[in-house]
Amino acid sequence: MTNNEQLKVDGFDEAIIGTDYRALRLVYSIERIIQILITKDGMDMDEAIEYFDHNIGCAFVGDMTPLYVWTEDKVDL
């Protein structure tokens with residue numbers, strides 16, 4: 001892997017909303033990640049948020065760690 005290679009979060013391609021301007025890191029919608037956890041993994045809203053907080057959002061894997069942003073997307077249950 002080169003220093004500028006984008007890092008992806010496995011299973012969450014549908015949550016990618018773009019790349020950041022300077023480093024070209026992938027940018028993910030937190031709402032979309034939560035929706036994927038609810039629909040594909042059968043979690044309820046609280047479980048999905050907790051899973052994101054502890055396993056995805058806080059993970060640092062170097063300079064190309066993806067960015068996670070809150071968007072205007074609605075999370076449908």
# chains A, B, ... in the order shown; residues from 1 in each chain; ligands from 1

call {"tool": "select_by_dssp", "arguments": {"residues": "chain A", "states": "strand (DSSP E or B)", "output": "number ranges by chain"}}
result
A: 16-19, 26-29, 67-69

call {"tool": "residues_around", "arguments": {"residues": "segment 21-36 of chain A", "least_positions_apart": "6", "cutoff": "6 Å", "atoms": "only C-alpha atoms", "output": "mmCIF file with N, CA, C and O atoms, in the first residue's frame"}}
result
data_model
loop_
_atom_site.group_PDB
_atom_site.id
_atom_site.type_symbol
_atom_site.label_atom_id
_atom_site.label_comp_id
_atom_site.auth_asym_id
_atom_site.auth_seq_id
_atom_site.Cartn_x
_atom_site.Cartn_y
_atom_site.Cartn_z
ATOM 1 N N GLN A 6 -6.326 4.962 -0.966
ATOM 2 C CA GLN A 6 -7.560 5.110 -0.201
ATOM 3 C C GLN A 6 -7.853 3.844 0.594
ATOM 4 O O GLN A 6 -7.664 2.737 0.104
ATOM 5 N N ALA A 15 -22.225 3.687 1.578
ATOM 6 C CA ALA A 15 -22.193 4.852 2.462
ATOM 7 C C ALA A 15 -21.156 5.888 2.028
ATOM 8 O O ALA A 15 -21.067 6.952 2.621
ATOM 9 N N ALA A 48 -26.727 0.043 16.478
ATOM 10 C CA ALA A 48 -25.985 0.494 15.303
ATOM 11 C C ALA A 48 -25.122 1.713 15.618
ATOM 12 O O ALA A 48 -23.964 1.783 15.205
ATOM 13 N N MET A 64 -4.498 7.886 5.808
ATOM 14 C CA MET A 64 -5.601 7.739 4.860
ATOM 15 C C MET A 64 -6.869 7.175 5.509
ATOM 16 O O MET A 64 -7.780 6.711 4.817
ATOM 17 N N PRO A 66 -10.419 6.889 6.603
ATOM 18 C CA PRO A 66 -11.593 7.574 6.037
ATOM 19 C C PRO A 66 -12.164 8.613 7.008
ATOM 20 O O PRO A 66 -11.962 8.535 8.224
ATOM 21 N N LEU A 67 -12.894 9.551 6.436
ATOM 22 C CA LEU A 67 -13.603 10.557 7.220
ATOM 23 C C LEU A 67 -15.060 10.149 7.333
ATOM 24 O O LEU A 67 -15.626 9.559 6.409
ATOM 25 N N TYR A 68 -15.683 10.492 8.455
ATOM 26 C CA TYR A 68 -17.085 10.169 8.703
ATOM 27 C C TYR A 68 -17.810 11.459 9.023
ATOM 28 O O TYR A 68 -17.371 12.210 9.895
ATOM 29 N N VAL A 69 -18.908 11.722 8.315
ATOM 30 C CA VAL A 69 -19.640 12.970 8.518
ATOM 31 C C VAL A 69 -21.125 12.696 8.692
ATOM 32 O O VAL A 69 -21.688 11.742 8.147
ATOM 33 N N TRP A 70 -21.754 13.553 9.499
ATOM 34 C CA TRP A 70 -23.201 13.547 9.593
ATOM 35 C C TRP A 70 -23.718 14.289 8.369
ATOM 36 O O TRP A 70 -23.191 15.336 8.012
ATOM 37 N N VAL A 75 -32.502 8.456 8.290
ATOM 38 C CA VAL A 75 -32.379 7.044 8.586
ATOM 39 C C VAL A 75 -33.782 6.485 8.757
ATOM 40 O O VAL A 75 -34.495 6.832 9.683
#

call {"tool": "atom_distance", "arguments": {"atom1": "atom CA of Lys8 of chain A", "atom2": "atom CA of Glu47 of chain A"}}
result
22.0 Å

call {"tool": "select_by_dssp", "arguments": {"residues": "segment 17-72 of chain A", "states": "alpha helix (DSSP H)", "output": "PyMOL selection string"}}
result
chain A and resi 30-41+45-51

call {"tool": "write_last_selection", "arguments": {"atoms": "C-alpha atoms", "output": "CSV table (one decimal), in the first residue's frame"}}
result
chain,number,residue,atom,x,y,z
A,30,ILE,CA,-22.6,8.2,9.2
A,31,GLU,CA,-26.4,7.9,8.7
A,32,ARG,CA,-25.8,5.6,5.7
A,33,ILE,CA,-23.5,3.4,7.8
A,34,ILE,CA,-26.1,3.2,10.6
A,35,GLN,CA,-28.8,2.3,8.0
A,36,ILE,CA,-26.6,-0.5,6.6
A,37,LEU,CA,-26.0,-1.8,10.1
A,38,ILE,CA,-29.8,-1.8,10.8
A,39,THR,CA,-30.9,-3.4,7.5
A,40,LYS,CA,-28.1,-5.9,6.8
A,41,ASP,CA,-27.0,-6.8,10.3
A,45,MET,CA,-30.8,2.1,16.1
A,46,ASP,CA,-29.0,2.2,19.5
A,47,GLU,CA,-27.0,-0.9,18.7
A,48,ALA,CA,-26.0,0.5,15.3
A,49,ILE,CA,-24.9,3.8,16.7
A,50,GLU,CA,-22.9,2.1,19.5
A,51,TYR,CA,-21.3,-0.2,17.0

call {"tool": "atom_distance", "arguments": {"atom1": "atom CA of Ala59 of chain A", "atom2": "atom CA of Asp13 of chain A"}}
result
17.1 Å

call {"tool": "atom_distance", "arguments": {"atom1": "atom CA of Ile16 of chain A", "atom2": "atom CA of Asp44 of chain A"}}
result
21.6 Å
